[in-house]
$ cat coords34.cif   # mmCIF, C-alpha atoms and all ligand atoms
data_target
loop_
_atom_site.label_atom_id
_atom_site.label_comp_id
_atom_site.auth_asym_id
_atom_site.auth_seq_id
_atom_site.Cartn_x
_atom_site.Cartn_y
_atom_site.Cartn_z
CA MET Y 1 123.33 117.12 98.99
CA ASN Y 2 125.32 117.58 95.83
CA LYS Y 3 122.69 117.84 93.08
CA ALA Y 4 124.99 117.57 90.08
CA PHE Y 5 126.01 113.93 90.67
CA GLU Y 6 124.15 110.82 91.77
CA LYS Y 7 127.17 109.86 93.91
CA VAL Y 8 130.44 111.60 94.78
CA ILE Y 9 132.91 108.83 95.56
CA ILE Y 10 136.34 109.24 97.10
CA VAL Y 11 138.68 106.53 95.85
CA THR Y 12 141.81 106.56 98.03
CA GLY Y 13 145.04 105.26 96.49
CA GLY Y 14 143.65 105.90 93.01
CA ALA Y 15 147.14 106.56 91.62
CA GLY Y 16 148.31 103.08 92.65
CA PHE Y 17 148.02 99.76 90.85
CA ILE Y 18 144.52 98.54 91.77
CA GLY Y 19 143.15 102.01 92.56
CA SER Y 20 143.90 103.28 89.05
CA HIS Y 21 141.95 100.36 87.55
CA VAL Y 22 139.04 101.05 89.92
CA VAL Y 23 138.97 104.77 89.04
CA ARG Y 24 139.08 104.04 85.30
CA TYR Y 25 136.37 101.37 85.59
CA LEU Y 26 133.98 103.59 87.58
CA LEU Y 27 134.46 106.60 85.28
CA LYS Y 28 133.71 104.49 82.21
CA LYS Y 29 130.71 102.71 83.70
CA TYR Y 30 128.92 105.43 85.70
CA SER Y 31 128.46 108.74 83.92
CA THR Y 32 126.44 110.16 86.86
CA TYR Y 33 129.20 109.68 89.47
CA GLN Y 34 131.97 112.06 90.36
CA ILE Y 35 135.22 110.30 91.32
CA ILE Y 36 137.63 112.07 93.65
CA ASN Y 37 141.02 110.38 93.68
CA ILE Y 38 142.83 111.02 96.97
CA ASP Y 39 146.45 109.97 96.88
CA LYS Y 40 149.67 110.99 98.62
CA LEU Y 41 151.70 109.94 95.56
CA THR Y 42 154.25 107.83 97.38
CA TYR Y 43 156.87 105.96 95.33
CA ALA Y 44 154.06 103.52 94.41
CA GLY Y 45 151.53 106.14 93.30
CA ASN Y 46 151.89 107.73 89.91
CA LEU Y 47 149.46 109.91 87.95
CA GLU Y 48 150.88 108.29 84.79
CA ASN Y 49 148.58 105.41 85.71
CA LEU Y 50 145.54 107.58 84.99
CA LYS Y 51 146.70 109.80 82.18
CA ASP Y 52 144.02 108.39 79.83
CA VAL Y 53 141.21 109.60 82.15
CA SER Y 54 142.76 112.64 83.84
CA ASP Y 55 140.75 115.03 81.63
CA HIS Y 56 137.44 113.27 82.28
CA GLU Y 57 134.87 115.85 83.41
CA ASN Y 58 133.76 113.66 86.34
CA TYR Y 59 137.28 113.11 87.69
CA LYS Y 60 139.18 115.13 90.30
CA PHE Y 61 142.55 114.52 91.91
CA GLU Y 62 143.57 115.72 95.40
CA LYS Y 63 147.11 115.12 96.63
CA ILE Y 64 146.44 114.27 100.26
CA ASP Y 65 147.99 112.07 102.91
CA ILE Y 66 145.17 110.14 104.64
CA VAL Y 67 147.07 110.57 107.91
CA ASP Y 68 146.12 114.28 107.67
CA ALA Y 69 142.58 114.43 109.14
CA GLU Y 70 142.18 118.19 108.53
CA ALA Y 71 142.86 117.79 104.82
CA LEU Y 72 140.39 114.90 104.63
CA ARG Y 73 137.68 116.95 106.34
CA ALA Y 74 138.20 119.78 103.84
CA VAL Y 75 137.83 117.42 100.87
CA PHE Y 76 134.62 115.84 102.20
CA LYS Y 77 133.17 119.33 102.56
CA LYS Y 78 134.48 120.69 99.26
CA TYR Y 79 132.92 117.91 97.16
CA GLU Y 80 130.03 116.85 99.45
CA VAL Y 81 131.32 113.31 99.36
CA THR Y 82 128.67 110.56 99.54
CA ASP Y 83 130.79 107.37 99.48
CA VAL Y 84 134.32 106.04 99.95
CA ILE Y 85 136.23 103.19 98.33
CA HIS Y 86 139.40 102.91 100.39
CA LEU Y 87 142.48 101.40 98.75
CA ALA Y 88 145.33 103.68 99.86
CA ALA Y 89 147.95 101.65 101.66
CA GLU Y 90 151.57 100.75 101.94
CA SER Y 91 151.34 97.43 100.12
CA HIS Y 92 154.69 95.67 99.78
CA VAL Y 93 155.53 92.91 102.29
CA ASP Y 94 159.32 93.19 101.82
CA ARG Y 95 159.20 96.90 102.60
CA SER Y 96 157.08 96.23 105.71
CA ILE Y 97 159.79 93.85 106.94
CA GLU Y 98 162.43 96.55 106.46
CA GLY Y 99 160.36 99.21 108.24
CA PRO Y 100 156.88 98.65 109.68
CA MET Y 101 156.12 102.17 110.93
CA GLU Y 102 155.04 103.65 107.59
CA PHE Y 103 152.57 100.75 107.38
CA VAL Y 104 151.15 101.56 110.81
CA LEU Y 105 150.77 105.23 109.87
CA THR Y 106 149.05 104.82 106.51
CA ASN Y 107 147.26 101.51 106.90
CA VAL Y 108 146.11 101.87 110.51
CA VAL Y 109 146.14 105.56 111.47
CA GLY Y 110 145.17 106.68 107.95
CA THR Y 111 142.25 104.24 107.81
CA VAL Y 112 140.94 105.25 111.23
CA ASN Y 113 141.21 108.93 110.22
CA LEU Y 114 139.19 108.27 107.09
CA LEU Y 115 136.56 106.28 109.00
CA GLN Y 116 136.26 109.02 111.61
CA VAL Y 117 136.04 111.88 109.10
CA ALA Y 118 133.43 110.04 106.99
CA LYS Y 119 131.41 109.15 110.09
CA ASP Y 120 131.36 112.77 111.27
CA PHE Y 121 130.54 114.11 107.81
CA TRP Y 122 127.72 111.63 107.16
CA ALA Y 123 126.26 111.83 110.68
CA GLY Y 124 122.55 111.10 110.44
CA GLY Y 125 122.68 110.65 106.67
CA GLU Y 126 121.49 107.61 104.77
CA ASN Y 127 122.57 105.50 101.80
CA HIS Y 128 126.29 106.11 102.24
CA VAL Y 129 128.87 103.33 101.76
CA PHE Y 130 132.43 103.03 103.03
CA HIS Y 131 134.04 100.14 101.15
CA HIS Y 132 137.25 99.02 102.85
CA VAL Y 133 139.50 97.09 100.44
CA SER Y 134 141.73 94.51 102.08
CA THR Y 135 143.82 91.43 101.43
CA ASP Y 136 143.64 87.67 102.05
CA GLU Y 137 147.02 87.98 103.80
CA VAL Y 138 145.15 88.92 107.02
CA PHE Y 139 144.19 85.23 107.33
CA GLY Y 140 147.82 84.09 107.62
CA SER Y 141 149.32 81.10 105.86
CA LEU Y 142 147.65 77.87 104.69
CA GLY Y 143 149.11 74.37 104.67
CA THR Y 144 148.61 72.14 101.65
CA GLU Y 145 144.84 71.82 102.21
CA GLY Y 146 141.91 74.22 102.59
CA LEU Y 147 140.89 77.71 101.48
CA PHE Y 148 140.38 81.02 103.26
CA THR Y 149 136.67 81.74 103.80
CA GLU Y 150 135.06 84.83 105.33
CA GLU Y 151 134.90 82.85 108.62
CA THR Y 152 138.63 82.04 108.75
CA SER Y 153 140.22 83.54 111.88
CA TYR Y 154 142.62 86.40 111.39
CA ASP Y 155 146.27 85.36 111.81
CA PRO Y 156 148.45 88.02 110.16
CA ARG Y 157 152.14 87.19 110.11
CA SER Y 158 153.95 90.02 108.30
CA PRO Y 159 154.02 93.67 109.39
CA TYR Y 160 152.04 94.45 106.21
CA SER Y 161 149.29 91.93 106.94
CA ALA Y 162 149.24 92.91 110.63
CA SER Y 163 148.58 96.53 109.63
CA LYS Y 164 145.86 95.51 107.14
CA ALA Y 165 144.27 93.20 109.75
CA SER Y 166 144.23 96.08 112.21
CA SER Y 167 142.53 98.33 109.64
CA ASP Y 168 139.93 95.58 108.97
CA HIS Y 169 139.22 95.34 112.70
CA PHE Y 170 138.70 99.10 112.92
CA ALA Y 171 136.36 99.06 109.91
CA ARG Y 172 134.30 96.27 111.53
CA ALA Y 173 134.40 98.05 114.89
CA PHE Y 174 132.90 101.17 113.27
CA PHE Y 175 130.07 99.04 111.86
CA HIS Y 176 129.31 97.32 115.17
CA THR Y 177 129.83 100.31 117.45
CA TYR Y 178 128.42 103.18 115.42
CA ASN Y 179 126.28 101.35 112.83
CA PHE Y 180 128.60 102.91 110.27
CA PRO Y 181 127.92 101.63 106.70
CA ILE Y 182 130.97 99.44 106.10
CA LYS Y 183 131.41 96.93 103.29
CA MET Y 184 134.62 94.93 103.11
CA SER Y 185 136.51 92.77 100.67
CA ASN Y 186 139.58 90.57 101.09
CA CYS Y 187 141.25 89.75 97.78
CA SER Y 188 144.03 87.42 96.67
CA ASN Y 189 147.16 88.56 94.77
CA ASN Y 190 146.37 90.80 91.79
CA TYR Y 191 148.29 91.09 88.53
CA GLY Y 192 147.90 93.15 85.36
CA SER Y 193 149.01 96.44 83.83
CA HIS Y 194 150.38 99.35 85.92
CA HIS Y 195 151.68 96.98 88.62
CA PHE Y 196 154.70 98.51 90.32
CA PRO Y 197 157.81 96.53 89.34
CA GLU Y 198 158.79 95.58 92.88
CA LYS Y 199 156.10 92.86 93.06
CA LEU Y 200 156.79 89.36 91.72
CA ILE Y 201 155.14 89.39 88.27
CA PRO Y 202 156.15 92.84 86.98
CA LEU Y 203 159.64 92.48 88.49
CA MET Y 204 160.17 89.17 86.67
CA ILE Y 205 158.84 90.58 83.38
CA HIS Y 206 161.17 93.57 83.68
CA ASN Y 207 164.20 91.44 84.56
CA ILE Y 208 163.57 88.83 81.86
CA GLN Y 209 163.30 91.61 79.28
CA ASN Y 210 166.56 93.15 80.46
CA ASN Y 211 168.44 89.85 80.92
CA LYS Y 212 168.79 90.44 84.66
CA SER Y 213 168.76 87.75 87.31
CA LEU Y 214 165.34 86.51 88.50
CA PRO Y 215 165.42 86.35 92.32
CA VAL Y 216 163.17 83.52 93.51
CA TYR Y 217 162.87 83.43 97.30
CA GLY Y 218 163.64 80.14 99.05
CA LYS Y 219 162.78 77.08 96.97
CA GLY Y 220 160.10 78.86 94.96
CA ASP Y 221 157.46 76.50 96.36
CA ASN Y 222 155.34 79.18 98.05
CA ILE Y 223 151.87 79.39 96.54
CA ARG Y 224 149.85 82.47 95.62
CA ASP Y 225 146.32 82.65 94.18
CA TRP Y 226 146.40 85.15 91.31
CA LEU Y 227 143.55 87.37 90.06
CA TRP Y 228 143.40 89.69 87.02
CA VAL Y 229 143.24 93.23 88.42
CA GLU Y 230 140.29 94.21 86.20
CA ASP Y 231 138.34 91.31 87.74
CA HIS Y 232 139.11 92.78 91.16
CA ALA Y 233 137.64 96.07 89.90
CA THR Y 234 134.40 94.35 88.83
CA ALA Y 235 134.24 92.60 92.22
CA ILE Y 236 134.63 95.93 94.04
CA ASP Y 237 131.89 97.39 91.82
CA ALA Y 238 129.54 94.50 92.71
CA ILE Y 239 130.30 94.63 96.45
CA PHE Y 240 130.15 98.43 96.66
CA HIS Y 241 126.74 98.53 94.95
CA ARG Y 242 125.07 95.27 95.93
CA GLY Y 243 127.01 93.77 98.86
CA ARG Y 244 125.36 93.74 102.28
CA ILE Y 245 126.30 96.40 104.83
CA GLY Y 246 128.50 95.01 107.59
CA GLU Y 247 129.56 92.00 105.49
CA SER Y 248 132.92 91.03 104.06
CA TYR Y 249 133.46 89.20 100.78
CA ASN Y 250 136.48 87.16 99.73
CA VAL Y 251 137.65 87.78 96.16
CA GLY Y 252 139.78 85.29 94.21
CA GLY Y 253 139.99 83.21 91.08
CA LEU Y 254 140.79 79.67 92.33
CA ASN Y 255 144.13 80.04 90.60
CA GLU Y 256 146.97 78.70 92.72
CA TRP Y 257 150.52 78.63 91.35
CA THR Y 258 153.87 78.00 92.97
CA ASN Y 259 156.20 80.94 92.41
CA ILE Y 260 158.70 78.82 90.47
CA LYS Y 261 156.06 77.46 88.10
CA LEU Y 262 154.85 81.00 87.47
CA VAL Y 263 158.36 82.36 86.86
CA LYS Y 264 159.14 79.51 84.44
CA PHE Y 265 155.84 80.13 82.61
CA LEU Y 266 156.76 83.82 82.23
CA CYS Y 267 160.21 82.82 80.95
CA GLN Y 268 158.68 80.61 78.24
CA LEU Y 269 156.09 83.20 77.29
CA MET Y 270 158.74 85.88 76.97
CA ASP Y 271 161.18 83.67 75.07
CA ASN Y 272 158.43 83.44 72.44
CA LYS Y 273 157.59 87.15 72.50
CA LEU Y 274 161.24 88.22 72.34
CA ASN Y 275 162.22 85.59 69.74
CA ARG Y 276 164.73 84.04 72.11
CA ILE Y 277 165.82 80.41 72.02
CA SER Y 278 163.39 78.41 74.14
CA GLY Y 279 164.83 77.95 77.64
CA SER Y 280 167.24 80.88 77.53
CA SER Y 281 165.34 83.15 80.00
CA GLU Y 282 165.03 80.31 82.55
CA LYS Y 283 168.81 80.43 82.92
CA LEU Y 284 168.34 83.81 84.62
CA ILE Y 285 166.54 82.22 87.59
CA SER Y 286 168.49 82.61 90.82
CA PHE Y 287 167.29 81.07 94.10
CA VAL Y 288 168.00 83.67 96.81
CA GLY Y 289 167.58 83.78 100.60
CA ASP Y 290 163.99 83.37 101.72
CA ARG Y 291 161.76 86.24 102.91
CA ALA Y 292 161.57 86.36 106.72
CA GLY Y 293 158.37 84.69 107.92
CA HIS Y 294 157.41 83.90 104.31
CA ASP Y 295 153.75 82.79 104.20
CA LYS Y 296 153.58 79.40 102.51
CA ARG Y 297 150.26 79.38 100.72
CA TYR Y 298 147.28 81.69 100.09
CA ALA Y 299 144.07 80.42 98.48
CA ILE Y 300 140.66 82.05 98.47
CA ASP Y 301 137.16 80.60 98.55
CA ALA Y 302 135.13 83.28 96.72
CA SER Y 303 131.88 81.27 96.63
CA LYS Y 304 129.97 83.80 98.80
CA LEU Y 305 130.68 86.53 96.25
CA GLU Y 306 129.58 84.28 93.39
CA ARG Y 307 126.48 83.03 95.23
CA GLU Y 308 125.23 86.40 96.51
CA LEU Y 309 126.36 88.78 93.79
CA GLY Y 310 126.94 86.55 90.76
CA TRP Y 311 130.59 87.63 90.37
CA LYS Y 312 133.09 85.46 88.48
CA PRO Y 313 136.57 86.09 87.06
CA SER Y 314 136.44 86.90 83.35
CA ILE Y 315 139.70 85.46 81.97
CA THR Y 316 142.16 82.63 82.57
CA PHE Y 317 145.58 83.23 84.11
CA GLU Y 318 147.33 82.28 80.88
CA GLU Y 319 145.28 84.87 78.93
CA GLY Y 320 145.82 87.52 81.59
CA LEU Y 321 149.56 86.90 81.79
CA GLU Y 322 149.92 87.23 78.04
CA LYS Y 323 148.01 90.54 78.07
CA THR Y 324 150.17 91.70 81.00
CA VAL Y 325 153.45 90.81 79.29
CA ASP Y 326 152.26 92.56 76.10
CA TRP Y 327 151.39 95.68 78.10
CA TYR Y 328 154.83 95.83 79.75
CA LEU Y 329 156.63 95.29 76.46
CA GLU Y 330 154.62 98.11 74.88
CA ASN Y 331 155.01 100.45 77.87
CA GLN Y 332 158.67 100.41 78.76
CA ASP Y 333 158.56 104.19 79.17
CA TRP Y 334 156.04 103.69 82.01
CA VAL Y 335 158.46 101.38 83.85
CA GLU Y 336 161.28 103.88 83.40
CA LYS Y 337 159.13 106.75 84.67
CA VAL Y 338 157.83 105.00 87.78
CA THR Y 339 161.19 103.55 88.76
CA SER Y 340 163.07 106.83 88.44
CA GLY Y 341 163.29 109.49 91.13
CA GLU Y 342 162.59 108.69 94.75
CA TYR Y 343 162.16 104.98 94.21
CA GLN Y 344 165.45 104.52 92.40
CA LYS Y 345 167.61 104.23 95.49
CA TYR Y 346 165.39 101.63 97.07
CA TYR Y 347 165.01 99.72 93.82
CA GLN Y 348 168.79 99.54 93.41
CA LYS Y 349 169.28 98.33 96.93
CA MET Y 350 166.57 95.66 96.93
CA TYR Y 351 166.91 94.13 93.53
CA THR Y 352 170.14 95.04 91.81
CA GLU Y 353 172.57 94.31 94.62
CA ARG Y 354 170.71 91.25 95.84
P1 LIG G 1 149.88 100.25 95.52
O1 LIG G 1 151.05 100.25 96.45
O2 LIG G 1 150.11 100.00 94.07
O3 LIG G 1 149.10 101.64 95.64
C1 LIG G 1 148.83 102.25 96.86
C2 LIG G 1 148.44 103.69 96.61
O4 LIG G 1 148.15 104.30 97.87
C3 LIG G 1 149.56 104.53 95.94
O5 LIG G 1 149.02 105.29 94.90
C4 LIG G 1 150.06 105.40 97.07
O6 LIG G 1 150.58 106.66 96.63
C5 LIG G 1 148.80 105.58 97.91
N1 LIG G 1 149.11 105.91 99.32
C6 LIG G 1 150.00 105.28 100.12
N2 LIG G 1 150.03 105.89 101.32
C7 LIG G 1 149.12 106.89 101.28
C8 LIG G 1 148.68 107.86 102.22
N3 LIG G 1 149.20 107.92 103.47
N4 LIG G 1 147.72 108.73 101.85
C9 LIG G 1 147.19 108.70 100.59
N5 LIG G 1 147.59 107.82 99.65
C10 LIG G 1 148.54 106.92 100.00
O7 LIG G 1 148.86 99.18 96.14
P2 LIG G 1 147.85 98.21 95.40
O8 LIG G 1 148.54 96.94 95.09
O9 LIG G 1 147.15 98.94 94.34
O10 LIG G 1 146.84 97.90 96.60
C11 LIG G 1 145.70 98.74 96.81
C12 LIG G 1 144.91 98.20 97.98
O11 LIG G 1 144.46 96.87 97.70
C13 LIG G 1 145.69 98.12 99.29
O12 LIG G 1 144.82 98.49 100.33
C14 LIG G 1 146.07 96.65 99.39
O13 LIG G 1 146.22 96.27 100.73
C15 LIG G 1 144.89 95.99 98.73
N6 LIG G 1 145.16 94.69 98.09
C16 LIG G 1 146.20 94.57 97.20
C17 LIG G 1 146.40 93.34 96.58
C18 LIG G 1 147.50 93.16 95.56
O14 LIG G 1 147.72 92.03 95.09
N7 LIG G 1 148.19 94.21 95.13
C19 LIG G 1 145.58 92.25 96.88
C20 LIG G 1 144.53 92.43 97.79
C21 LIG G 1 144.33 93.65 98.39
P1 LIG G 2 154.71 89.69 96.12
O1 LIG G 2 154.43 90.03 94.69
O2 LIG G 2 155.62 90.57 96.91
O3 LIG G 2 153.29 89.55 96.82
P2 LIG G 2 152.91 88.99 98.32
O4 LIG G 2 154.16 88.80 99.09
O5 LIG G 2 152.07 90.09 98.87
O6 LIG G 2 152.16 87.73 98.08
O7 LIG G 2 155.31 88.21 96.16
C1 LIG G 2 154.60 87.12 95.62
C2 LIG G 2 155.38 85.86 95.92
O8 LIG G 2 156.62 85.90 95.20
C3 LIG G 2 155.76 85.72 97.38
O9 LIG G 2 155.69 84.33 97.73
C4 LIG G 2 157.20 86.21 97.44
C5 LIG G 2 157.74 85.81 96.09
N1 LIG G 2 158.78 86.71 95.52
C6 LIG G 2 159.97 86.14 95.00
O10 LIG G 2 160.19 84.92 95.05
N2 LIG G 2 160.89 86.99 94.46
C7 LIG G 2 160.70 88.34 94.40
O11 LIG G 2 161.60 89.08 93.90
C8 LIG G 2 159.47 88.89 94.91
C9 LIG G 2 159.22 90.37 94.89
C10 LIG G 2 158.54 88.02 95.45
#
$ encode --input "coords34.cif" --output "structure tokens" --more "lines below"
Ligand code: NAD
Ligand code: TYD
Amino acid sequence: MNKAFEKVIIVTGGAGFIGSHVVRYLLKKYSTYQIINIDKLTYAGNLENLKDVSDHENYKFEKIDIVDAEALRAVFKKYEVTDVIHLAAESHVDRSIEGPMEFVLTNVVGTVNLLQVAKDFWAGGENHVFHHVSTDEVFGSLGTEGLFTEETSYDPRSPYSASKASSDHFARAFFHTYNFPIKMSNCSNNYGSHHFPEKLIPLMIHNIQNNKSLPVYGKGDNIRDWLWVEDHATAIDAIFHRGRIGESYNVGGLNEWTNIKLVKFLCQLMDNKLNRISGSSEKLISFVGDRAGHDKRYAIDASKLERELGWKPSITFEEGLEKTVDWYLENQDWVEKVTSGEYQKYYQKMYTER
């Protein structure tokens, strides 16, 4: 056992949106843990997201593709890893529709590699945890009524959610078959700082700021249940430490909004921030062709997490959106950095020519 640290935790996907918040949160809260960020640095992963903690003495970064089992084995050995919080994934539904195979490789093959390597490395050991982070999209699409619970049957409908559902099944299979110490969470849509500007909220903020058109898919009546990303980090902390082995926990803030209501709210908020005439940003809204197989509504029942672990979201959506808008307005250089280079071609194609 590694004597220097109480735990040595691999966080995969730590250079991405949610992963960077989880890494930062753990480093600040637990001075006796070492955090090893494993990330391939795809277009969505950027070390800029962690520049405020990159010099922390308990932090290490390893540029590794989780599809590479040899490299994973070497890292487990090098650091004597005790736990895993697994977030690395291809995460954008539109990209999964354009090309599913990258999603199969990272989300399915990569996850099974990680499970297998951790299982071999920890063989016979005790008190390890493998926390698999997943999405509510594995449950499919809701009608006007009802919420996803932990008992809802899986019904993934996009290539992204199909790949995440598959990874969830493998994680559960490792628990049932090998008694491997899995904990799981399925969370609703996150928002906050460092969110890659291909997803709805950061894309709209960026386009409003730059007076570009705001592409709303279909009629804009699809519903998402939004959660402040730092609240997701506290939920992961609670589940990782106090959740029951073999259990999954839904994470969400009971915060359903239609896309059009959300986009209009952002327009109003940013008209104020940018000293524009009220109503001027809304004129940028453009209803475009719908996403293929677009899930109608997601909504999470997170009562198990509240009941068992006492978790609750900390801020309202309106407060969180204002903080998010402020962060993007103050960090335009971040947006420029993460949308330059490899991503640029894709970004142009998807959003500028649309
Ligand atoms: P993201 O796309 O912002 O970040 C993903 C990270 O994984 C990036 O840093 C990327 O470089 C890395 N990565 C991708 N492929 C890799 C590979 N083969 N090997 C190593 N690293 C690789 O994603 P996110 O929004 O932060 O989501 C993180 C996790 O949370 C995902 O598992 C996602 O399914 C889940 N999740 C996301 C949301 C959401 O609203 N964003 C909601 C619920 C669950
Ligand atoms: P997104 O942020 O891609 O998350 P997810 O598809 O995983 O829920 O999209 C959120 C919602 O916003 C979804 O209903 C699709 C819609 N959307 C738009 O209307 N326009 C856009 O440009 C994007 C990226 C998404």
$ closest_residue --input "coords34.cif" --among "Y:Ile239, Y:Ile315, Y:Ala171, Y:Ile9" --to "Y:Gly192" --atoms "all atoms listed in the file"
Y:Ile315
$ residues_around --input "coords34.cif" --residues "stretch 88-91 of chain Y" --least-positions-apart "2" --cutoff "7 Å" --atoms "all atoms listed in the file" --output "list in words"
Thr12, Gly13, His86, Val93, Phe103, Thr106, Asn107 and Tyr160 of chain Y
$ atom_distance --input "coords34.cif" --atom1 "atom O13 of ligand LIG 1 (chain G)" --atom2 "atom CA of Y:Thr152"
18.0 Å
$ closest_residue --input "coords34.cif" --among "Y:Asn259, Y:Ser281, Y:Gln34, Y:Asn49" --to "ligand LIG 1 (chain G)" --atoms "all atoms listed in the file"
Y:Asn49
$ closest_residue --input "coords34.cif" --among "Y:Ser166, Y:Gln332, Y:Thr177, Y:Ser185" --to "Y:Ala235" --atoms "only C-alpha atoms"
Y:Ser185
$ residues_near_ligand --input "coords34.cif" --ligand "ligand LIG 1 (chain G)" --cutoff "6 Å" --atoms "all atoms listed in the file" --output "PDB file with C-alpha atoms, in the coordinates of the input"
ATOM      1  CA  GLY Y  13     145.040 105.260  96.490  1.00  0.00           C
ATOM      2  CA  GLY Y  14     143.650 105.900  93.010  1.00  0.00           C
ATOM      3  CA  ALA Y  15     147.140 106.560  91.620  1.00  0.00           C
ATOM      4  CA  GLY Y  16     148.310 103.080  92.650  1.00  0.00           C
ATOM      5  CA  PHE Y  17     148.020  99.760  90.850  1.00  0.00           C
ATOM      6  CA  ILE Y  18     144.520  98.540  91.770  1.00  0.00           C
ATOM      7  CA  GLY Y  19     143.150 102.010  92.560  1.00  0.00           C
ATOM      8  CA  ASP Y  39     146.450 109.970  96.880  1.00  0.00           C
ATOM      9  CA  LYS Y  40     149.670 110.990  98.620  1.00  0.00           C
ATOM     10  CA  LEU Y  41     151.700 109.940  95.560  1.00  0.00           C
ATOM     11  CA  THR Y  42     154.250 107.830  97.380  1.00  0.00           C
ATOM     12  CA  ALA Y  44     154.060 103.520  94.410  1.00  0.00           C
ATOM     13  CA  GLY Y  45     151.530 106.140  93.300  1.00  0.00           C
ATOM     14  CA  ILE Y  64     146.440 114.270 100.260  1.00  0.00           C
ATOM     15  CA  ASP Y  65     147.990 112.070 102.910  1.00  0.00           C
ATOM     16  CA  ILE Y  66     145.170 110.140 104.640  1.00  0.00           C
ATOM     17  CA  VAL Y  67     147.070 110.570 107.910  1.00  0.00           C
ATOM     18  CA  LEU Y  87     142.480 101.400  98.750  1.00  0.00           C
ATOM     19  CA  ALA Y  88     145.330 103.680  99.860  1.00  0.00           C
ATOM     20  CA  ALA Y  89     147.950 101.650 101.660  1.00  0.00           C
ATOM     21  CA  GLU Y  90     151.570 100.750 101.940  1.00  0.00           C
ATOM     22  CA  SER Y  91     151.340  97.430 100.120  1.00  0.00           C
ATOM     23  CA  THR Y 106     149.050 104.820 106.510  1.00  0.00           C
ATOM     24  CA  VAL Y 133     139.500  97.090 100.440  1.00  0.00           C
ATOM     25  CA  SER Y 134     141.730  94.510 102.080  1.00  0.00           C
ATOM     26  CA  THR Y 135     143.820  91.430 101.430  1.00  0.00           C
ATOM     27  CA  CYS Y 187     141.250  89.750  97.780  1.00  0.00           C
ATOM     28  CA  SER Y 188     144.030  87.420  96.670  1.00  0.00           C
ATOM     29  CA  ASN Y 189     147.160  88.560  94.770  1.00  0.00           C
ATOM     30  CA  ASN Y 190     146.370  90.800  91.790  1.00  0.00           C
TER      31      ASN Y 190
END
$ closest_residue --input "coords34.cif" --among "Y:Trp228, Y:Phe317, Y:Trp334, Y:Tyr217" --to "ligand LIG 2 (chain G)" --atoms "all atoms listed in the file"
Y:Tyr217
$ closest_residue --input "coords34.cif" --among "Y:Tyr79, Y:Tyr43, Y:Tyr249, Y:Phe174" --to "Y:Glu198" --atoms "only C-alpha atoms"
Y:Tyr43
$ residues_near_ligand --input "coords34.cif" --ligand "ligand LIG 2 (chain G)" --cutoff "9 Å" --atoms "only C-alpha atoms and all ligand atoms" --output "VMD selection string"
chain Y and resid 91 to 94 135 137 160 to 161 188 to 191 197 to 204 214 to 225 258 to 260 263 287 to 288 290 to 291 294 to 298 350 to 351
$ residues_around --input "coords34.cif" --residues "Y:Trp122" --least-positions-apart "2" --cutoff "12 Å" --atoms "only C-alpha atoms" --output "PDB file with C-alpha atoms, in the coordinates of the input"
ATOM      1  CA  MET Y   1     123.330 117.120  98.990  1.00  0.00           C
ATOM      2  CA  ARG Y  73     137.680 116.950 106.340  1.00  0.00           C
ATOM      3  CA  PHE Y  76     134.620 115.840 102.200  1.00  0.00           C
ATOM      4  CA  LYS Y  77     133.170 119.330 102.560  1.00  0.00           C
ATOM      5  CA  GLU Y  80     130.030 116.850  99.450  1.00  0.00           C
ATOM      6  CA  VAL Y  81     131.320 113.310  99.360  1.00  0.00           C
ATOM      7  CA  THR Y  82     128.670 110.560  99.540  1.00  0.00           C
ATOM      8  CA  ASP Y  83     130.790 107.370  99.480  1.00  0.00           C
ATOM      9  CA  VAL Y  84     134.320 106.040  99.950  1.00  0.00           C
ATOM     10  CA  LEU Y 114     139.190 108.270 107.090  1.00  0.00           C
ATOM     11  CA  LEU Y 115     136.560 106.280 109.000  1.00  0.00           C
ATOM     12  CA  GLN Y 116     136.260 109.020 111.610  1.00  0.00           C
ATOM     13  CA  VAL Y 117     136.040 111.880 109.100  1.00  0.00           C
ATOM     14  CA  ALA Y 118     133.430 110.040 106.990  1.00  0.00           C
ATOM     15  CA  LYS Y 119     131.410 109.150 110.090  1.00  0.00           C
ATOM     16  CA  ASP Y 120     131.360 112.770 111.270  1.00  0.00           C
ATOM     17  CA  GLY Y 124     122.550 111.100 110.440  1.00  0.00           C
ATOM     18  CA  GLY Y 125     122.680 110.650 106.670  1.00  0.00           C
ATOM     19  CA  GLU Y 126     121.490 107.610 104.770  1.00  0.00           C
ATOM     20  CA  ASN Y 127     122.570 105.500 101.800  1.00  0.00           C
ATOM     21  CA  HIS Y 128     126.290 106.110 102.240  1.00  0.00           C
ATOM     22  CA  VAL Y 129     128.870 103.330 101.760  1.00  0.00           C
ATOM     23  CA  PHE Y 130     132.430 103.030 103.030  1.00  0.00           C
ATOM     24  CA  TYR Y 178     128.420 103.180 115.420  1.00  0.00           C
ATOM     25  CA  ASN Y 179     126.280 101.350 112.830  1.00  0.00           C
ATOM     26  CA  PHE Y 180     128.600 102.910 110.270  1.00  0.00           C
ATOM     27  CA  PRO Y 181     127.920 101.630 106.700  1.00  0.00           C
TER      28      PRO Y 181
END
$ atom_distance --input "coords34.cif" --atom1 "atom CA of Y:Ile245" --atom2 "atom CA of Y:Gly310"
17.2 Å
$ residues_near_point --input "coords34.cif" --point "(153.8, 97.0, 84.0)" --cutoff "7 Å" --atoms "all atoms listed in the file" --output "NGL selection string"
:Y and (193-197 or 202 or 327-328 or 335)
